[in-house]
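Asks: Structure: coords30.cif, mmCIF, C-alpha atoms and all ligand atoms.
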data_my_file
#
loop_
_atom_site.label_atom_id
_atom_site.label_comp_id
_atom_site.auth_asym_id
_atom_site.auth_seq_id
_atom_site.Cartn_x
_atom_site.Cartn_y
_atom_site.Cartn_z
CA MET L 27 47.71 -98.03 72.70
CA GLN L 28 46.39 -94.47 72.98
CA ASP L 29 46.49 -94.10 69.18
CA LEU L 30 44.38 -97.26 68.80
CA ILE L 31 41.85 -95.94 71.32
CA GLU L 32 41.62 -92.70 69.36
CA ARG L 33 41.23 -94.63 66.13
CA ALA L 34 38.38 -96.65 67.68
CA ALA L 35 36.81 -93.43 69.00
CA ARG L 36 36.80 -91.98 65.47
CA ASP L 37 35.27 -95.20 64.11
CA LEU L 38 32.54 -95.05 66.75
CA ALA L 39 31.94 -91.32 66.42
CA GLY L 40 31.27 -91.86 62.73
CA THR L 41 28.25 -94.10 63.22
CA ARG L 42 25.11 -94.61 65.26
CA ARG L 43 25.04 -98.29 64.36
CA ALA L 44 27.63 -99.91 66.61
CA VAL L 45 27.12 -103.00 68.76
CA ALA L 46 29.26 -104.67 71.39
CA LEU L 47 29.81 -108.38 71.86
CA THR L 48 31.14 -109.07 75.34
CA GLY L 49 32.50 -112.11 77.16
CA ALA L 50 33.87 -113.16 80.52
CA GLY L 51 36.96 -110.93 80.15
CA ILE L 52 34.91 -107.77 80.65
CA SER L 53 33.85 -108.93 84.11
CA ILE L 54 37.28 -110.12 85.34
CA GLU L 55 37.95 -106.66 86.78
CA SER L 56 34.67 -107.07 88.70
CA GLY L 57 36.08 -110.16 90.42
CA ILE L 58 34.44 -112.84 88.26
CA PRO L 59 36.93 -115.41 86.94
CA PRO L 60 36.90 -116.27 83.21
CA PHE L 61 36.26 -119.73 81.79
CA ARG L 62 39.49 -120.16 79.84
CA GLY L 63 43.06 -119.02 80.31
CA PRO L 64 44.86 -118.32 83.62
CA GLY L 65 42.56 -118.82 86.59
CA GLY L 66 39.81 -120.01 84.27
CA LEU L 67 36.97 -122.08 85.69
CA TRP L 68 37.33 -124.79 83.04
CA GLU L 69 40.92 -125.38 84.18
CA LYS L 70 39.53 -126.55 87.51
CA ILE L 71 36.40 -128.37 86.44
CA ASP L 72 35.42 -130.08 83.21
CA PRO L 73 32.56 -128.12 81.59
CA MET L 74 31.12 -131.35 80.19
CA GLU L 75 30.79 -132.62 83.80
CA VAL L 76 29.13 -129.51 85.21
CA ALA L 77 27.88 -127.21 82.47
CA HIS L 78 26.27 -129.57 79.96
CA ILE L 79 22.52 -130.04 80.10
CA ASP L 80 22.99 -133.84 80.08
CA ALA L 81 25.22 -133.56 83.17
CA PHE L 82 22.54 -131.46 84.88
CA ARG L 83 19.80 -133.94 83.99
CA ARG L 84 21.96 -136.86 85.17
CA ASP L 85 22.96 -135.34 88.49
CA PRO L 86 21.47 -131.91 89.28
CA ARG L 87 22.77 -131.97 92.85
CA LYS L 88 26.36 -132.35 91.61
CA VAL L 89 26.01 -129.42 89.20
CA TRP L 90 24.43 -127.27 91.92
CA ASP L 91 27.24 -128.19 94.35
CA LEU L 92 30.18 -127.87 91.95
CA LEU L 93 29.10 -124.97 89.79
CA ILE L 94 25.90 -123.09 90.50
CA LYS L 95 26.23 -122.36 94.22
CA GLY L 96 29.79 -121.06 93.84
CA MET L 97 28.93 -118.96 90.81
CA GLN L 98 25.94 -117.43 92.59
CA THR L 99 28.15 -116.41 95.50
CA VAL L 100 30.74 -114.81 93.20
CA LEU L 101 28.09 -113.04 91.10
CA ALA L 102 26.27 -111.70 94.17
CA ALA L 103 29.45 -109.90 95.27
CA ALA L 104 30.31 -108.44 91.84
CA VAL L 105 29.71 -104.84 90.82
CA PRO L 106 30.13 -103.22 87.39
CA ASN L 107 33.58 -101.91 86.47
CA PRO L 108 34.59 -99.00 84.18
CA ALA L 109 34.21 -101.20 81.07
CA HIS L 110 30.54 -101.92 81.80
CA ARG L 111 29.99 -98.25 82.58
CA GLY L 112 31.87 -97.17 79.44
CA LEU L 113 29.58 -99.25 77.22
CA ALA L 114 26.54 -97.76 78.99
CA THR L 115 27.96 -94.29 78.27
CA LEU L 116 28.43 -95.15 74.59
CA GLU L 117 24.77 -96.17 74.46
CA ARG L 118 23.70 -92.90 76.14
CA LEU L 119 25.82 -90.98 73.61
CA GLY L 120 23.75 -92.59 70.88
CA ARG L 121 26.65 -94.60 69.44
CA LEU L 122 26.02 -98.12 70.72
CA GLN L 123 22.73 -99.71 69.74
CA ALA L 124 22.98 -102.75 71.99
CA VAL L 125 25.25 -105.03 73.96
CA ILE L 126 25.19 -108.72 73.10
CA THR L 127 26.71 -110.45 76.10
CA GLN L 128 27.70 -114.04 76.69
CA ASN L 129 27.85 -113.27 80.40
CA VAL L 130 25.18 -114.32 82.88
CA ASP L 131 26.13 -111.77 85.54
CA GLY L 132 23.74 -108.89 84.80
CA LEU L 133 26.53 -106.31 85.18
CA HIS L 134 25.77 -104.47 81.93
CA GLN L 135 22.25 -103.71 83.12
CA GLN L 136 23.54 -102.74 86.57
CA ALA L 137 25.93 -100.30 84.86
CA GLY L 138 23.03 -98.66 83.03
CA SER L 139 22.97 -100.32 79.60
CA GLN L 140 19.34 -100.40 78.44
CA ASP L 141 19.49 -102.76 75.48
CA VAL L 142 21.27 -105.94 76.52
CA ILE L 143 20.85 -109.29 74.80
CA GLU L 144 21.74 -112.01 77.27
CA PHE L 145 22.84 -114.50 74.66
CA HIS L 146 23.60 -117.23 77.22
CA GLY L 147 20.75 -116.31 79.55
CA THR L 148 21.11 -115.18 83.14
CA PHE L 149 21.95 -116.48 86.59
CA ALA L 150 19.71 -113.84 88.18
CA TRP L 151 16.66 -116.02 87.57
CA GLN L 152 15.87 -119.70 88.06
CA ARG L 153 13.42 -121.79 86.09
CA CYS L 154 11.57 -124.94 87.13
CA MET L 155 12.49 -127.85 84.85
CA THR L 156 8.91 -129.18 85.13
CA CYS L 157 6.42 -126.28 85.15
CA GLU L 158 8.74 -123.52 83.81
CA ARG L 159 7.87 -121.22 86.74
CA ARG L 160 10.58 -118.60 87.18
CA CYS L 161 11.83 -117.14 90.43
CA ARG L 162 14.62 -114.77 91.36
CA SER L 163 17.84 -116.54 92.35
CA ASP L 164 18.18 -114.43 95.50
CA GLU L 165 14.73 -115.57 96.64
CA LEU L 166 15.48 -119.26 96.25
CA ASP L 167 15.44 -121.52 99.31
CA LEU L 168 18.77 -123.38 99.21
CA THR L 169 18.26 -125.53 102.28
CA GLU L 170 17.66 -128.46 99.97
CA ILE L 171 19.98 -129.03 96.97
CA PRO L 172 18.84 -129.12 94.25
CA PRO L 173 16.21 -126.52 95.16
CA ARG L 174 12.69 -127.51 94.21
CA CYS L 175 9.62 -125.71 92.95
CA GLU L 176 6.19 -125.99 94.62
CA CYS L 177 5.29 -128.45 91.85
CA GLY L 178 8.17 -130.74 92.90
CA GLY L 179 10.28 -129.92 89.84
CA ILE L 180 13.95 -128.99 90.07
CA PHE L 181 15.12 -125.40 89.67
CA ARG L 182 17.92 -124.58 87.26
CA PRO L 183 19.48 -121.22 86.39
CA ASP L 184 17.79 -119.51 83.45
CA CYS L 185 21.00 -119.79 81.44
CA VAL L 186 22.05 -121.72 78.35
CA PHE L 187 23.96 -124.87 79.27
CA PHE L 188 26.24 -126.56 76.75
CA GLY L 189 24.07 -128.80 74.58
CA GLU L 190 21.17 -126.31 74.61
CA LEU L 191 20.02 -123.92 71.92
CA ILE L 192 20.31 -120.14 72.16
CA PRO L 193 16.76 -118.78 72.68
CA PRO L 194 15.62 -118.10 69.09
CA GLU L 195 14.58 -114.48 69.77
CA HIS L 196 18.08 -113.71 71.08
CA LEU L 197 19.81 -115.50 68.22
CA VAL L 198 17.72 -113.77 65.55
CA ARG L 199 18.11 -110.28 67.08
CA ALA L 200 21.87 -110.72 67.63
CA GLN L 201 22.37 -111.92 64.06
CA GLN L 202 20.35 -109.00 62.75
CA LEU L 203 22.34 -106.47 64.78
CA ALA L 204 25.61 -108.05 63.66
CA ALA L 205 24.58 -108.02 60.02
CA GLU L 206 23.44 -104.38 60.13
CA CYS L 207 26.05 -102.72 62.35
CA ARG L 208 28.85 -100.52 61.00
CA VAL L 209 31.16 -101.13 63.97
CA MET L 210 31.36 -104.14 66.28
CA LEU L 211 33.32 -103.91 69.53
CA VAL L 212 34.38 -107.38 70.66
CA VAL L 213 35.33 -107.10 74.32
CA GLY L 214 36.82 -109.78 76.56
CA THR L 215 35.83 -112.91 74.71
CA SER L 216 38.04 -115.77 73.54
CA ALA L 217 35.64 -116.05 70.58
CA THR L 218 35.72 -119.82 70.74
CA VAL L 219 32.13 -120.72 71.63
CA HIS L 220 29.55 -120.84 68.85
CA PRO L 221 27.18 -119.46 67.80
CA ALA L 222 28.33 -116.28 69.63
CA ALA L 223 31.76 -116.53 68.02
CA MET L 224 30.30 -116.30 64.54
CA LEU L 225 28.72 -112.88 65.16
CA PRO L 226 31.97 -110.95 64.43
CA HIS L 227 32.32 -113.00 61.21
CA LEU L 228 28.80 -111.97 60.26
CA ALA L 229 29.52 -108.30 60.99
CA ARG L 230 32.78 -108.34 59.06
CA GLY L 231 31.15 -110.14 56.13
CA ALA L 232 28.52 -107.39 55.97
CA GLY L 233 31.23 -104.71 55.83
CA ALA L 234 31.41 -103.61 59.47
CA ARG L 235 34.61 -102.60 61.22
CA VAL L 236 35.42 -105.16 63.93
CA ILE L 237 37.47 -103.88 66.87
CA GLU L 238 38.74 -106.21 69.59
CA ILE L 239 39.56 -105.16 73.14
CA ASN L 240 41.48 -107.95 74.84
CA PRO L 241 44.91 -108.25 76.48
CA GLU L 242 45.48 -111.38 74.35
CA PRO L 243 44.95 -112.11 70.67
CA THR L 244 42.06 -114.42 69.76
CA PRO L 245 41.18 -116.50 66.69
CA LEU L 246 39.59 -113.30 65.29
CA THR L 247 42.79 -111.28 65.55
CA GLY L 248 44.41 -110.53 62.23
CA THR L 249 41.67 -112.36 60.34
CA VAL L 250 38.21 -111.12 61.23
CA SER L 251 38.98 -108.10 63.39
CA ASP L 252 40.39 -104.95 61.81
CA TYR L 253 42.52 -104.28 64.86
CA LEU L 254 43.05 -105.32 68.47
CA ILE L 255 43.42 -102.85 71.32
CA PRO L 256 45.69 -104.96 73.52
CA GLY L 257 44.69 -104.05 77.04
CA PRO L 258 42.30 -104.76 79.91
CA ALA L 259 38.70 -103.81 79.24
CA GLY L 260 38.24 -101.43 82.20
CA PRO L 261 40.73 -98.68 81.35
CA VAL L 262 40.42 -99.16 77.57
CA VAL L 263 36.61 -98.90 77.33
CA ASP L 264 36.61 -96.08 79.88
CA ALA L 265 39.12 -94.10 77.79
CA LEU L 266 37.23 -94.96 74.61
CA ALA L 267 33.93 -93.62 75.98
CA ASP L 268 35.68 -90.41 77.09
CA ALA L 269 37.29 -90.01 73.66
CA VAL L 270 33.97 -90.52 71.85
CA ALA L 271 32.27 -88.00 74.17
CA ALA L 272 35.04 -85.48 73.44
CA LEU L 273 34.76 -85.95 69.66
CA GLN L 274 31.01 -85.61 69.89
CA ALA L 275 31.33 -82.41 71.94
CA ASP L 276 33.82 -80.99 69.40
CA SER L 277 31.43 -81.66 66.54
CA GLY L 278 28.47 -80.20 68.42
CA GLY L 279 26.85 -83.63 68.75
CA GLN L 280 26.57 -84.27 65.00
CA ALA L 281 26.81 -87.87 63.77
N1 LIG L 301 39.83 -107.38 79.84
C1 LIG L 301 39.37 -107.89 78.67
N2 LIG L 301 39.56 -109.18 78.33
C2 LIG L 301 40.24 -109.96 79.16
C3 LIG L 301 40.78 -109.49 80.38
C4 LIG L 301 40.52 -108.13 80.72
N3 LIG L 301 40.98 -107.58 81.86
N4 LIG L 301 41.42 -110.51 80.97
C5 LIG L 301 41.30 -111.57 80.17
N5 LIG L 301 40.58 -111.26 79.06
C6 LIG L 301 40.19 -112.10 77.93
C7 LIG L 301 41.00 -113.34 77.71
O1 LIG L 301 42.21 -113.05 76.99
C8 LIG L 301 40.03 -114.21 76.92
O2 LIG L 301 40.15 -113.95 75.53
O3 LIG L 301 38.87 -112.56 78.16
C9 LIG L 301 38.65 -113.74 77.40
C10 LIG L 301 37.91 -114.73 78.27
O4 LIG L 301 37.60 -115.85 77.50
P1 LIG L 301 36.62 -117.00 78.02
O5 LIG L 301 36.94 -117.33 79.44
O6 LIG L 301 36.67 -118.10 77.02
O7 LIG L 301 35.18 -116.28 78.05
P2 LIG L 301 34.07 -116.21 76.92
O8 LIG L 301 34.68 -115.92 75.60
O9 LIG L 301 33.04 -115.28 77.43
O10 LIG L 301 33.50 -117.67 76.92
C11 LIG L 301 32.39 -117.95 76.09
O11 LIG L 301 32.15 -120.09 77.05
O12 LIG L 301 32.05 -121.62 78.79
C12 LIG L 301 31.33 -120.80 77.98
O13 LIG L 301 29.18 -120.10 78.42
C13 LIG L 301 30.50 -119.77 78.71
O14 LIG L 301 29.74 -117.64 77.89
C14 LIG L 301 30.88 -118.47 78.07
C15 LIG L 301 31.46 -118.91 76.74
#
How does this structure look as structure tokens?
Ligand code: APR
Replies:
Amino acid sequence: MQDLIERAARDLAGTRRAVALTGAGISIESGIPPFRGPGGLWEKIDPMEVAHIDAFRRDPRKVWDLLIKGMQTVLAAAVPNPAHRGLATLERLGRLQAVITQNVDGLHQQAGSQDVIEFHGTFAWQRCMTCERRCRSDELDLTEIPPRCECGGIFRPDCVFFGELIPPEHLVRAQQLAAECRVMLVVGTSATVHPAAMLPHLARGAGARVIEINPEPTPLTGTVSDYLIPGPAGPVVDALADAVAALQADSGGQA
């Protein structure tokens, strides 16, 4: 695996136009379970019952009780791991332009990444379904479920439920970054949920090198990605950031 990490470091050290696409796998080592695979949330509950906007509209209390409250508790306890920090380092080194994340946990920002596109929104904020007022999740009064706004409307997390569109500004920026990058790091995503899953296709189609970091192969492996570094995100991204820093130091910081 070390030779693949060094190969990825050389690919990254050769450009200032790299982006990362991240998914639930990058936050597993922070204690947040994934959606699919062993221990995945969708093995326990049907996403169409709890994570579709129609399900929320039909029965907001059920979605709050079965999904949102539990997720908020898990997210509140999570802290960034070496993979989040490694991506922040790559940005500081001038290699990574941005992180496009499907995660709603805010851990990239906590780790120090400055340019983060929250493709599926965030759980850190809530939004009133009626007047659109936003409030921080940790300031929400949860004595009544579903929590309500002063206007009487129901609060929902400021995320993208199934059945909803990606906010256009996020979609357009992510597509642009994917189309213009030279290297795309695809970290900890099963690459099964669209439109996020098409971003590596877009990058590859525009001539970028696509590098996966994932203990398991995905639908991209061997087709869209140039190579897979088969390991957990924490140690791999950490080692990758160190290797890029070392190459950069050797070359006196030249691109
Ligand atoms: N490091 C990196 N990747 C890992 C690790 C790890 N330690 N452990 C597991 N993985 C990988 C799995 O092999 C899998 O490919 O993380 C991936 C997790 O996949 P999903 O649970 O499907 O997460 P994600 O791709 O982010 O899901 C996309 O689906 O339900 C929706 O909105 C939700 O944003 C989410 C979207």
Asks: Neighbours of ligand LIG 301 (chain L) at 7 Å or closer, counting only C-alpha atoms and all ligand atoms: which residues, as a count of residues only?
Replies: 32
Asks: Go through L:Cys175, L:Val262, L:Ala104, L:Ile126 and flag the residue nearest Ala200 in chain L, using all atoms listed in the file for the distances.
Replies: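 Looking only at the distances to Ala200 in chain L, the closest residue turns out to be L:Ile126.
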Asks: Mind giving me the straight-line distance from CA of Gly233 in chain L to CA of Tyr253 in chain L in Å, one decimal?
Replies: 14.5 Å
Asks: Show me, as a count of residues only, the residues that have an atom within 12 Å of Ser163 in chain L when counting only C-alpha atoms, minus same-chain residues fewer than 5 positions from it.
Replies: 22
Asks: Looking at L:Leu30, L:Val125, L:Ile71, L:Ala109, which one is nearest to Glu144 in chain L, with distances taken over all atoms listed in the file?
Replies: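 Closest candidate: L:Val125.
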Asks: Choose the residue, out of L:Val263, L:Phe187, L:Ser53, L:Val45, that has the smallest atom-to-atom separation from Gln202 in chain L; count all atoms listed in the file.
Replies: L:Val45
Asks: So, with only C-alpha atoms as the atoms that count, which of L:Pro193, L:Gly57, L:Pro64, L:Pro261 lies closest to Val100 in chain L?
Replies: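 Between L:Pro193, L:Gly57, L:Pro64, L:Pro261, the residue approaching Val100 in chain L most closely is L:Gly57.
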Asks: How far is it from CA of Glu190 in chain L to CA of Arg174 in chain L, in Å with one decimal?
Replies: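 Those two atoms sit 21.4 Å apart.
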Asks: For CA of Gln201 in chain L and CA of Asp80 in chain L, quote the distance in Å rounded to one decimal.
Replies: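 Calculated distance between CA of Gln201 in chain L and CA of Asp80 in chain L is 27.2 Å.
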Asks: Point out the residue among L:Gly231, L:Pro106, L:Gly112, L:Pro172 with the least atom-to-atom distance to Leu266 in chain L, counting all atoms listed in the file.
Replies: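 For Leu266 in chain L, the nearest of the candidates is L:Gly112.
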Asks: Go through L:Ala81, L:Ile58, L:Leu228, L:Ile143 one by one, measure the shortest atom-to-atom distance of each to Gly189 in chain L using all atoms listed in the file, and give the residue with the smallest value.
Replies: L:Ala81
Asks: Find the residues around Arg43 in chain L up to 10 Å (all atoms listed in the file counted), leave out those fewer than 4 positions away in its own chain, and share them as a list of chain:residue names.
Replies: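 Residues near the query, excluding close chain neighbours: L:Leu38, L:Gly120, L:Arg121, L:Leu122, L:Gln123, L:Ala124, L:Leu203, L:Ala204, L:Glu206, L:Cys207, L:Arg208, L:Val209, L:Met210, L:Ala234.
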Asks: For those residues, write C-alpha atoms to a file as a PDB file, keeping the file's coordinate frame.
Replies:
ATOM      1  CA  LEU L  38      32.540 -95.050  66.750  1.00  0.00           C
ATOM      2  CA  GLY L 120      23.750 -92.590  70.880  1.00  0.00           C
ATOM      3  CA  ARG L 121      26.650 -94.600  69.440  1.00  0.00           C
ATOM      4  CA  LEU L 122      26.020 -98.120  70.720  1.00  0.00           C
ATOM      5  CA  GLN L 123      22.730 -99.710  69.740  1.00  0.00           C
ATOM      6  CA  ALA L 124      22.980-102.750  71.990  1.00  0.00           C
ATOM      7  CA  LEU L 203      22.340-106.470  64.780  1.00  0.00           C
ATOM      8  CA  ALA L 204      25.610-108.050  63.660  1.00  0.00           C
ATOM      9  CA  GLU L 206      23.440-104.380  60.130  1.00  0.00           C
ATOM     10  CA  CYS L 207      26.050-102.720  62.350  1.00  0.00           C
ATOM     11  CA  ARG L 208      28.850-100.520  61.000  1.00  0.00           C
ATOM     12  CA  VAL L 209      31.160-101.130  63.970  1.00  0.00           C
ATOM     13  CA  MET L 210      31.360-104.140  66.280  1.00  0.00           C
ATOM     14  CA  ALA L 234      31.410-103.610  59.470  1.00  0.00           C
TER      15      ALA L 234
END
Asks: Near Val236 in chain L, counting only C-alpha atoms, which residues have an atom at most 10 Å away, once you skip same-chain residues fewer than 4 positions from it, shown as a list in words?
Replies: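 Neighbouring residues, sequence-local ones excluded: Ala34, Asp37, Ala44, Val45, Ala46, Cys207, Arg208, Val209, Met210, Leu211, Val212, Pro226, His227, Ala229, Arg230, Leu246, Thr247, Val250, Ser251, Asp252, Tyr253 and Leu254 of chain L.
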Asks: Could you write range 121-136 of chain L as an mmCIF file, in the coordinates of the input, with N, CA and C atoms rebuilt where they are missing?
Replies:
data_model
loop_
_atom_site.group_PDB
_atom_site.id
_atom_site.type_symbol
_atom_site.label_atom_id
_atom_site.label_comp_id
_atom_site.auth_asym_id
_atom_site.auth_seq_id
_atom_site.Cartn_x
_atom_site.Cartn_y
_atom_site.Cartn_z
ATOM 1 N N ARG L 121 25.733 -93.893 70.346
ATOM 2 C CA ARG L 121 26.650 -94.600 69.440
ATOM 3 C C ARG L 121 26.390 -96.098 69.420
ATOM 4 N N LEU L 122 26.162 -96.667 70.607
ATOM 5 C CA LEU L 122 26.020 -98.120 70.720
ATOM 6 C C LEU L 122 24.539 -98.487 70.739
ATOM 7 N N GLN L 123 24.144 -99.330 69.790
ATOM 8 C CA GLN L 123 22.730 -99.710 69.740
ATOM 9 C C GLN L 123 22.383 -100.712 70.837
ATOM 10 N N ALA L 124 23.285 -101.671 71.059
ATOM 11 C CA ALA L 124 22.980 -102.750 71.990
ATOM 12 C C ALA L 124 24.258 -103.456 72.409
ATOM 13 N N VAL L 125 24.171 -104.146 73.529
ATOM 14 C CA VAL L 125 25.250 -105.030 73.960
ATOM 15 C C VAL L 125 24.732 -106.464 73.845
ATOM 16 N N ILE L 126 25.487 -107.282 73.143
ATOM 17 C CA ILE L 126 25.190 -108.720 73.100
ATOM 18 C C ILE L 126 26.201 -109.348 74.042
ATOM 19 N N THR L 127 25.740 -109.901 75.141
ATOM 20 C CA THR L 127 26.710 -110.450 76.100
ATOM 21 C C THR L 127 26.552 -111.963 76.241
ATOM 22 N N GLN L 128 27.706 -112.607 76.389
ATOM 23 C CA GLN L 128 27.700 -114.040 76.690
ATOM 24 C C GLN L 128 27.665 -114.251 78.198
ATOM 25 N N ASN L 129 27.759 -113.149 78.944
ATOM 26 C CA ASN L 129 27.850 -113.270 80.400
ATOM 27 C C ASN L 129 26.461 -113.403 81.021
ATOM 28 N N VAL L 130 26.448 -114.067 82.189
ATOM 29 C CA VAL L 130 25.180 -114.320 82.880
ATOM 30 C C VAL L 130 25.096 -113.497 84.162
ATOM 31 N N ASP L 131 25.965 -112.460 84.256
ATOM 32 C CA ASP L 131 26.130 -111.770 85.540
ATOM 33 C C ASP L 131 25.277 -110.514 85.721
ATOM 34 N N GLY L 132 24.623 -110.054 84.679
ATOM 35 C CA GLY L 132 23.740 -108.890 84.800
ATOM 36 C C GLY L 132 24.464 -107.560 85.012
ATOM 37 N N LEU L 133 25.784 -107.532 84.852
ATOM 38 C CA LEU L 133 26.530 -106.310 85.180
ATOM 39 C C LEU L 133 26.329 -105.189 84.158
ATOM 40 N N HIS L 134 26.038 -105.540 82.905
ATOM 41 C CA HIS L 134 25.770 -104.470 81.930
ATOM 42 C C HIS L 134 24.528 -103.680 82.331
ATOM 43 N N GLN L 135 23.480 -104.404 82.717
ATOM 44 C CA GLN L 135 22.250 -103.710 83.120
ATOM 45 C C GLN L 135 22.498 -102.898 84.392
ATOM 46 N N GLN L 136 23.236 -103.482 85.330
ATOM 47 C CA GLN L 136 23.540 -102.740 86.570
ATOM 48 C C GLN L 136 24.317 -101.459 86.270
#
